[in-house]
Each structure stands twice: as structure tokens, then as C-alpha cells.
>>> print(open('upload-v3.txt').read())   # compact mmCIF, C-alpha atoms and all ligand atoms
# COMPACT_ATOMS: atom_id res chain seq x y z
CA MET A 1 12.96 -14.21 -18.38
CA LEU A 2 11.11 -11.85 -16.07
CA ILE A 3 7.50 -10.87 -16.04
CA PHE A 4 5.87 -8.32 -13.82
CA CYS A 5 2.36 -8.83 -12.57
CA VAL A 6 -0.01 -6.40 -10.89
CA PHE A 7 -1.68 -8.29 -8.16
CA PHE A 8 -4.45 -6.00 -7.04
CA LEU A 9 -5.78 -2.54 -7.80
CA PHE A 10 -7.46 -0.03 -5.49
CA PHE A 11 -8.94 3.26 -6.43
CA THR A 12 -8.29 6.00 -3.94
CA VAL A 13 -7.06 9.53 -3.81
CA SER A 14 -3.33 9.82 -4.16
CA ASN A 15 -1.03 10.83 -1.33
CA GLY A 16 1.54 12.48 -3.58
CA GLN A 17 1.75 16.03 -2.35
CA ASN A 18 0.33 16.39 1.15
CA TYR A 19 -1.37 19.54 2.43
CA GLN A 20 -2.95 19.04 5.80
CA LYS A 21 -6.04 21.19 6.41
CA MET A 22 -8.75 21.51 9.02
CA VAL A 23 -12.20 21.84 7.45
CA LEU A 24 -14.67 23.58 9.76
CA ILE A 25 -18.36 22.69 9.94
CA TYR A 26 -21.31 22.95 12.35
CA GLY A 27 -22.16 19.63 13.92
CA GLU A 28 -21.77 17.23 16.81
CA PRO A 29 -20.45 13.68 16.98
CA THR A 30 -23.18 11.10 17.61
CA VAL A 31 -20.89 8.06 17.49
CA GLY A 32 -17.49 7.74 19.14
CA ASN A 33 -15.68 9.31 22.07
CA GLY A 34 -12.82 11.74 22.29
CA TYR A 35 -9.45 11.01 23.84
CA SER A 36 -8.79 14.35 25.48
CA THR A 37 -10.74 17.41 26.60
CA HIS A 38 -9.51 20.97 27.14
CA GLU A 39 -10.96 24.31 28.18
CA ILE A 40 -9.57 26.49 25.43
CA SER A 41 -10.78 28.70 22.61
CA TRP A 42 -12.16 27.35 19.34
CA GLU A 43 -9.05 28.52 17.47
CA GLN A 44 -6.80 26.75 19.95
CA CYS A 45 -9.05 23.70 19.72
CA TYR A 46 -8.64 23.07 15.99
CA SER A 47 -4.98 24.11 16.10
CA MET A 48 -4.35 21.50 18.77
CA CYS A 49 -5.91 18.84 16.53
CA TYR A 50 -3.93 20.06 13.53
CA TRP A 51 -0.59 19.58 15.31
CA ASP A 52 -1.49 16.23 16.90
CA THR A 53 -0.78 13.40 14.44
CA ASN A 54 -3.28 11.16 16.25
CA CYS A 55 -6.11 13.66 15.95
CA SER A 56 -8.70 13.15 13.22
CA LEU A 57 -11.20 15.79 14.33
CA SER A 58 -11.97 18.23 17.12
CA TYR A 59 -15.32 19.20 18.58
CA TYR A 60 -16.02 22.48 20.35
CA TYR A 61 -19.03 23.41 22.46
CA SER A 62 -19.37 25.96 25.27
CA SER A 63 -15.60 26.35 25.87
CA HIS A 64 -14.99 22.59 25.84
CA CYS A 65 -12.67 21.19 23.22
CA THR A 66 -12.60 17.44 22.60
CA LEU A 67 -10.10 15.70 20.36
CA TYR A 68 -10.96 12.48 18.51
CA GLN A 69 -8.37 10.04 17.24
CA TYR A 70 -8.57 8.42 13.78
CA GLY A 71 -11.55 6.06 13.78
CA ASN A 72 -15.15 5.63 12.67
CA TYR A 73 -17.52 8.46 13.53
CA SER A 74 -20.84 9.93 12.68
CA ILE A 75 -21.37 13.67 12.91
CA LYS A 76 -24.84 15.19 12.87
CA GLN A 77 -24.98 18.31 10.73
CA LEU A 78 -26.19 21.39 12.59
CA THR A 79 -26.52 25.09 11.90
CA SER A 80 -24.60 28.03 13.32
CA SER A 81 -27.33 28.71 15.93
CA ASP A 82 -26.43 25.47 17.72
CA GLU A 83 -22.90 26.79 18.37
CA LYS A 84 -21.39 23.33 18.11
CA LEU A 85 -18.30 23.29 15.95
CA ILE A 86 -16.30 20.52 14.32
CA ALA A 87 -12.94 20.69 12.61
CA VAL A 88 -12.11 17.69 10.40
CA LYS A 89 -8.53 17.04 9.35
CA ARG A 90 -7.91 16.34 5.68
CA ASN A 91 -4.75 15.27 3.85
CA LEU A 92 -5.25 17.13 0.59
CA THR A 93 -3.20 16.86 -2.56
CA THR A 94 -3.56 20.51 -3.54
CA ASP A 95 -3.17 23.67 -1.53
CA THR A 96 -6.84 24.62 -1.73
CA CYS A 97 -9.50 24.99 0.96
CA PRO A 98 -12.59 22.87 0.39
CA THR A 99 -15.84 24.22 1.84
CA LYS A 100 -16.95 20.71 2.81
CA PRO A 101 -14.95 17.92 4.44
CA ALA A 102 -16.12 15.07 2.17
CA GLY A 103 -13.42 13.06 0.42
CA THR A 104 -10.97 10.21 0.81
CA ASP A 105 -7.42 10.44 2.14
CA SER A 106 -5.03 7.57 1.86
CA TYR A 107 -1.51 6.91 2.93
CA GLY A 108 0.71 3.92 2.28
CA ASP A 109 3.69 2.90 4.37
CA ASN A 110 5.60 -0.38 4.51
CA ASN A 111 2.77 -2.39 2.86
CA THR A 112 0.20 -0.87 5.21
CA LEU A 113 -2.60 1.20 3.70
CA TYR A 114 -4.39 3.87 5.77
CA ILE A 115 -7.69 5.15 4.38
CA ASN A 116 -9.87 7.86 5.92
CA ARG A 117 -13.15 8.37 4.06
CA ILE A 118 -15.59 11.17 4.81
CA THR A 119 -19.05 11.05 3.28
CA SER A 120 -22.30 12.93 3.72
CA ASP A 121 -25.89 11.77 3.36
CA GLY A 122 -27.26 15.26 3.98
CA THR A 123 -27.97 14.63 7.68
CA TYR A 124 -24.72 13.06 8.85
CA TRP A 125 -21.07 13.27 8.02
CA ASN A 126 -19.82 9.73 8.35
CA ILE A 127 -16.14 9.00 8.76
CA THR A 128 -14.63 5.56 8.27
CA TYR A 129 -11.02 4.82 8.94
CA SER A 130 -9.28 1.59 8.04
CA ILE A 131 -5.78 0.21 8.32
CA THR A 132 -5.16 -2.75 6.05
CA SER A 133 -2.29 -4.84 4.71
CA PRO A 134 -3.72 -5.50 1.26
CA CYS A 135 -0.68 -7.08 -0.36
CA ASP A 136 0.03 -10.82 -0.50
CA ILE A 137 3.37 -12.16 0.61
CA GLY A 138 5.86 -11.57 -2.19
CA THR A 139 4.13 -8.42 -3.40
CA LYS A 140 4.66 -4.80 -2.45
CA LEU A 141 2.39 -1.76 -2.17
CA PHE A 142 3.04 1.14 -4.54
CA ARG A 143 1.13 4.25 -5.51
CA ARG A 144 0.40 4.86 -9.21
CA ASP A 145 -1.16 8.31 -9.35
CA ASN A 146 -4.74 7.71 -8.18
CA TYR A 147 -4.31 3.98 -7.55
CA TRP A 148 -2.73 1.74 -5.00
CA VAL A 149 -1.32 -1.49 -6.45
CA CYS A 150 0.39 -4.58 -5.13
CA VAL A 151 3.06 -5.67 -7.56
CA GLY A 152 5.31 -8.70 -7.66
CA VAL A 153 7.71 -10.53 -9.92
CA LYS A 154 7.40 -13.98 -11.47
CA LEU A 155 10.17 -15.82 -13.21
CA PHE A 156 10.18 -18.05 -16.28
CA LYS A 157 12.73 -20.82 -16.67
CA ASP A 158 13.18 -19.96 -20.34
CA CYS A 159 12.12 -17.29 -22.76
CA SER A 160 8.41 -17.57 -23.47
CA PRO A 161 5.88 -15.67 -25.53
CA TYR A 162 3.84 -12.80 -24.15
CA GLU A 163 0.67 -14.94 -24.11
CA ASP A 164 2.35 -17.40 -21.71
CA ALA A 165 3.26 -14.53 -19.41
CA ARG A 166 -0.34 -13.35 -19.37
CA LYS A 167 -1.52 -16.88 -18.69
CA MET A 168 0.95 -17.29 -15.86
CA CYS A 169 -0.27 -14.10 -14.18
CA ASN A 170 -3.88 -15.10 -14.62
CA GLN A 171 -3.41 -18.64 -13.34
CA SER A 172 -1.65 -17.32 -10.25
CA GLY A 173 -4.78 -15.23 -9.59
CA TRP A 174 -3.03 -11.95 -10.39
CA GLU A 175 -4.82 -9.10 -12.04
CA SER A 176 -2.65 -8.32 -15.04
CA ILE A 177 0.83 -8.03 -16.46
CA THR A 178 2.61 -4.71 -16.04
CA GLY A 179 5.86 -2.82 -16.35
CA PRO A 180 7.60 -0.72 -13.70
CA PHE A 181 5.69 2.53 -13.24
CA SER A 182 8.37 4.41 -11.34
CA SER A 183 12.04 4.11 -10.49
CA GLU A 184 11.02 2.82 -7.02
CA GLU A 185 9.11 -0.02 -8.68
CA MET A 186 12.02 -0.67 -11.03
CA THR A 187 14.39 -0.97 -8.09
CA TYR A 188 11.98 -3.34 -6.36
CA PHE A 189 11.60 -5.48 -9.49
CA LEU A 190 15.33 -5.74 -9.97
CA ASN A 191 15.86 -6.68 -6.32
CA GLN A 192 13.18 -9.39 -6.60
CA LYS A 193 14.95 -10.80 -9.65
CA GLY A 194 17.84 -11.80 -7.39
CA GLY A 195 20.65 -13.67 -9.09
CA TYR A 196 18.34 -15.33 -11.59
CA HIS A 197 19.48 -14.93 -15.24
CA MET A 198 21.56 -11.88 -14.49
CA SER A 199 22.21 -11.25 -18.16
CA LEU A 200 18.52 -10.51 -18.79
CA THR A 201 18.25 -7.06 -17.27
CA PRO A 202 14.91 -5.42 -18.03
CA PHE A 203 14.83 -1.79 -19.04
CA LEU A 204 12.23 0.98 -18.93
C1 LIG A 301 -0.56 8.45 19.23
O1 LIG A 301 -1.20 7.31 19.78
C2 LIG A 301 -0.33 6.22 20.02
C3 LIG A 301 -1.17 5.04 20.44
O2 LIG A 301 -2.16 5.39 21.35
C4 LIG A 301 0.72 6.62 21.05
O3 LIG A 301 1.61 5.55 21.27
C5 LIG A 301 1.47 7.83 20.52
O4 LIG A 301 2.38 8.28 21.50
C6 LIG A 301 0.52 8.96 20.15
N1 LIG A 301 1.26 10.02 19.48
C7 LIG A 301 1.19 11.28 19.85
C8 LIG A 301 2.00 12.25 19.06
O5 LIG A 301 0.50 11.65 20.79
C1 LIG A 302 -14.44 1.26 10.59
O1 LIG A 302 -15.43 0.51 9.94
C2 LIG A 302 -14.95 -0.33 8.91
C3 LIG A 302 -16.14 -1.02 8.25
O2 LIG A 302 -17.08 -0.09 7.87
C4 LIG A 302 -14.00 -1.36 9.49
O3 LIG A 302 -13.47 -2.15 8.44
C5 LIG A 302 -12.87 -0.64 10.20
O4 LIG A 302 -12.03 -1.57 10.84
C6 LIG A 302 -13.42 0.32 11.24
N1 LIG A 302 -12.32 1.09 11.79
C7 LIG A 302 -12.08 1.18 13.07
C8 LIG A 302 -10.91 2.02 13.46
O5 LIG A 302 -12.76 0.61 13.91
C1 LIG A 303 -1.89 11.99 6.38
O1 LIG A 303 -0.53 12.27 6.10
C2 LIG A 303 0.38 11.92 7.14
C3 LIG A 303 1.77 12.30 6.67
O2 LIG A 303 1.84 13.63 6.39
C4 LIG A 303 0.30 10.44 7.44
O3 LIG A 303 1.13 10.13 8.54
C5 LIG A 303 -1.12 10.06 7.76
O4 LIG A 303 -1.20 8.66 7.92
C6 LIG A 303 -2.05 10.49 6.62
N1 LIG A 303 -3.40 10.14 6.99
C7 LIG A 303 -4.27 9.63 6.11
C8 LIG A 303 -5.60 9.25 6.67
O5 LIG A 303 -4.02 9.48 4.94
C1 LIG A 304 7.44 -3.30 7.96
O1 LIG A 304 6.49 -4.30 8.28
C2 LIG A 304 7.06 -5.57 8.61
C3 LIG A 304 5.92 -6.58 8.73
O2 LIG A 304 4.82 -6.06 9.43
C4 LIG A 304 7.89 -5.40 9.89
O3 LIG A 304 8.46 -6.66 10.24
C5 LIG A 304 8.98 -4.37 9.65
O4 LIG A 304 9.69 -4.14 10.84
C6 LIG A 304 8.37 -3.05 9.16
N1 LIG A 304 9.44 -2.15 8.77
C7 LIG A 304 9.45 -0.88 9.14
C8 LIG A 304 10.60 -0.06 8.62
O5 LIG A 304 8.60 -0.38 9.86
C1 LIG A 305 -24.22 7.66 8.79
O1 LIG A 305 -24.35 7.39 10.17
C2 LIG A 305 -25.67 7.49 10.64
C3 LIG A 305 -25.67 7.37 12.16
O2 LIG A 305 -24.78 6.37 12.60
C4 LIG A 305 -26.51 6.42 9.96
O3 LIG A 305 -27.85 6.51 10.40
C5 LIG A 305 -26.47 6.65 8.45
O4 LIG A 305 -27.14 5.62 7.79
C6 LIG A 305 -25.02 6.69 7.96
N1 LIG A 305 -25.02 7.08 6.56
C7 LIG A 305 -24.22 6.52 5.66
C8 LIG A 305 -24.33 7.06 4.27
O5 LIG A 305 -23.44 5.61 5.95
C1 LIG A 306 -8.29 -15.10 -15.80
O1 LIG A 306 -8.92 -15.19 -17.06
C2 LIG A 306 -10.28 -15.59 -17.01
C3 LIG A 306 -10.78 -15.79 -18.43
O2 LIG A 306 -10.35 -14.76 -19.27
C4 LIG A 306 -11.08 -14.51 -16.28
O3 LIG A 306 -12.43 -14.88 -16.19
C5 LIG A 306 -10.50 -14.33 -14.90
O4 LIG A 306 -11.17 -13.27 -14.24
C6 LIG A 306 -9.01 -14.02 -14.97
N1 LIG A 306 -8.46 -14.00 -13.62
C7 LIG A 306 -7.87 -12.92 -13.12
C8 LIG A 306 -7.37 -13.06 -11.72
O5 LIG A 306 -7.75 -11.88 -13.75
>>> encode(input="upload-v3.txt", output="C-alpha cells", more="lines below")
Ligand SMILES: *[C@@H]1O[C@H](CO)[C@@H](O)[C@H](O)[C@H]1NC(C)=O
Ligand SMILES: *[C@@H]1O[C@H](CO)[C@@H](O)[C@H](O)[C@H]1NC(C)=O
Ligand SMILES: *[C@@H]1O[C@H](CO)[C@@H](O)[C@H](O)[C@H]1NC(C)=O
Ligand SMILES: *[C@@H]1O[C@H](CO)[C@@H](O)[C@H](O)[C@H]1NC(C)=O
Ligand SMILES: *[C@@H]1O[C@H](CO)[C@@H](O)[C@H](O)[C@H]1NC(C)=O
Ligand SMILES: *[C@@H]1O[C@H](CO)[C@@H](O)[C@H](O)[C@H]1NC(C)=O
Amino acid sequence: MLIFCVFFLFFTVSNGQNYQKMVLIYGEPTVGNGYSTHEISWEQCYSMCYWDTNCSLSYYYSSHCTLYQYGNYSIKQLTSSDEKLIAVKRNLTTDTCPTKPAGTDSYGDNNTLYINRITSDGTYWNITYSITSPCDIGTKLFRRDNYWVCVGVKLFKDCSPYEDARKMCNQSGWESITGPFSSEEMTYFLNQKGGYHMSLTPFL
């Protein structure tokens, strides 16, 4: 008998459809350093960042373009008269252009979760970037719409009631019992089942 447990739940923005955009604001970085500087135009400056997968934002002031890699930054908000420009890269889920850069982008790959969060307190735009491996050994990272979850499989020796399954999840410190959300999860669950009780194939 197989039961599926969700191990952990995160709330973030989904990475389903990915539209990369540069959101332009007036400001200057007060924390963090760039990784490359160029004497180019403002249009070339944010285009360069757009095409560079390592670039999180670009800063432009008096013909100098500086690129910043993904990391933690603080950007002081300015007005157009300061002539200091910032372009922040966003991974958006819809093909729309936000007027402000605030939001959270996340991306999951091979049990590694990348989160870039942009917030504003009215004076600063603060950017925090983290790379984590949130899943325990024996669990795998999957996206479920707006959530990231770590899911895993536990096996019973015999058939047991639903309550026992819930108890088993809980006692193992897992969040809750679940079913496969997608065909990717289903494939993972079936692979985890291995050769155990082959006759008991779960179905969606
Ligand atoms: C991004 O940065 C990494 C680490 O510094 C480097 O190995 C890689 O070549 C860079 N990628 C690009 C496209 O510049
Ligand atoms: C950014 O700050 C957060 C804590 O606020 C930290 O967990 C994370 O590792 C930092 N990221 C980088 C790239 O230093
Ligand atoms: C944005 O999407 C690209 C794939 O298109 C991915 O490589 C990158 O890690 C994502 N960045 C964030 C912060 O989600
Ligand atoms: C996935 O991550 C594991 C553990 O960090 C590593 O051993 C493996 O090579 C990675 N696989 C891919 C396809 O990057
Ligand atoms: C943003 O960063 C600034 C400067 O580092 C700091 O003073 C401010 O408290 C931060 N705001 C938030 C909401 O984290
Ligand atoms: C297990 O159940 C107890 C009692 O209902 C609850 O307090 C606890 O948070 C649960 N543990 C997990 C990991 O969900």
C-alpha cells in the first residue's frame, strides 16, 4: 500500500509561463557592486542586462552602464531630474508590463529553488536573492500552481486505513497526505514505489 505525503509547502509566484522583462525606474544602488561596466547608451545598457542570464539589474548614469549579478541589493528611489536609471529584470508569468518592479520570481531546477524578491518601503527598492535546497533526502521539489512543494512516498507493509496513513505522515514530521498533482509527480511517485507490491498500482 502506498501513501503520498507532502513534506513542505512554500508560497511563491509560479514559474509556469516565463516572460522576461526589464522594468525601468529612477534610482541608484546603495548596496552591492556591479560585475561589469560599459560606456554605452541607456537602451544598450538594459538590453545587455536582458540578454545576460547572470544579470539581475543594470544601472545607468552619465554614459556609464553597470551590470549587477543576481544578489541582494538596495536601490534608493530617485526622480527623473537625478538622471540615474535602473532596469530590473523580472521573470513574469504574463505578458504584461508592470509599472513597478516589486514582486517575487521563483524558479525550481533539480531540487534547487531560486527566489528573487523585490520589495519597496517607499524610499528603497530592496532585492533579496536566495538559492536553497529545501527538500529533504527522499523528497523532490515540484511546482503546484502558486506553491512549491517537496513530495515523497512512504510505504505500508499491509493495507491500512486512511487514518493510519495520516498518522504515519504526521509522525514522520511531514505536512500532510496528498495525491499526485501532475503527470510529472505521478511518474515520480511510481518510480519511488520501486518493485514493492507491484500489483497495487495507484491511479489518478
Ligand atoms: C555566469 O556566471 C558564472 C559564475 O560566475 C559563470 O561561470 C558563467 O559563465 C556566467 N554566464 C554567462 C552567460 O556569462
Ligand atoms: C540575501 O539575503 C538573505 C537573507 O536576507 C540570505 O538568505 C541570502 O543568502 C542572501 N543572498 C545572497 C546572494 O547573498
Ligand atoms: C528566470 O527564468 C530563467 C529561465 O527562463 C531561469 O534560468 C532563472 O533562474 C529565473 N530566475 C528567477 C529569479 O526566477
Ligand atoms: C542535481 O543535483 C544533484 C545533487 O546536487 C547532482 O548530483 C546532480 O548532478 C544534479 N543533476 C543535474 C542534471 O544537474
Ligand atoms: C531596505 O534597505 C535599506 C538600506 O539598506 C534599509 O534601510 C531598509 O530598512 C530596507 N527596507 C526593507 C523593507 O527591508
Ligand atoms: C501532527 O499532529 C499534531 C496534532 O494534531 C500537530 O500539532 C502537528 O503540527 C502535526 N505535525 C505536522 C508535521 O503536521
>>> residues_near_ligand(input="upload-v3.txt", ligand="ligand LIG 305 (chain A)", cutoff="6 Å", atoms="only C-alpha atoms and all ligand atoms", output="PDB file with C-alpha atoms, in the coordinates of the input")
ATOM      1  CA  SER A  74     -20.840   9.930  12.680  1.00  0.00           C
ATOM      2  CA  ASP A 121     -25.890  11.770   3.360  1.00  0.00           C
ATOM      3  CA  TYR A 124     -24.720  13.060   8.850  1.00  0.00           C
ATOM      4  CA  ASN A 126     -19.820   9.730   8.350  1.00  0.00           C
TER       5      ASN A 126
END
>>> residues_around(input="upload-v3.txt", residues="Asn18 (chain A)", least_positions_apart="2", cutoff="6 Å", atoms="all atoms listed in the file", output="VMD selection string")
chain A and resid 91 to 93
>>> residues_near_ligand(input="upload-v3.txt", ligand="ligand LIG 302 (chain A)", cutoff="6 Å", atoms="all atoms listed in the file", output="JSON, numbers by chain")
{"A": [71, 72, 128, 129, 130]}
>>> residues_near_ligand(input="upload-v3.txt", ligand="ligand LIG 304 (chain A)", cutoff="10 Å", atoms="only C-alpha atoms and all ligand atoms", output="PyMOL selection string")
chain A and resi 109-112+133
>>> residues_near_ligand(input="upload-v3.txt", ligand="ligand LIG 301 (chain A)", cutoff="12 Å", atoms="only C-alpha atoms and all ligand atoms", output="ChimeraX atom specification")
/A:35-36,48-56,67-70
>>> residues_near_ligand(input="upload-v3.txt", ligand="ligand LIG 306 (chain A)", cutoff="7 Å", atoms="all atoms listed in the file", output="list in words")
Asn170, Gln171, Gly173, Trp174, Glu175 and Ser176 of chain A
>>> closest_residue(input="upload-v3.txt", among="A:Leu113, A:Ile86, A:Leu57, A:Ile75", to="ligand LIG 303 (chain A)", atoms="all atoms listed in the file")
A:Leu113
>>> closest_residue(input="upload-v3.txt", among="A:Gln44, A:Ser106, A:Thr30, A:Thr66", to="ligand LIG 303 (chain A)", atoms="all atoms listed in the file")
A:Ser106
>>> atom_distance(input="upload-v3.txt", atom1="CA of Thr123 (chain A)", atom2="CA of Glu39 (chain A)")
28.3 Å
>>> closest_residue(input="upload-v3.txt", among="A:Lys84, A:Arg117, A:His64, A:Lys193", to="ligand LIG 303 (chain A)", atoms="all atoms listed in the file")
A:Arg117
>>> residues_around(input="upload-v3.txt", residues="Arg90 (chain A)", least_positions_apart="6", cutoff="8 Å", atoms="all atoms listed in the file", output="PyMOL selection string")
chain A and resi 19-23+101+105
>>> atom_distance(input="upload-v3.txt", atom1="CA of Tyr73 (chain A)", atom2="CA of Tyr107 (chain A)")
19.3 Å
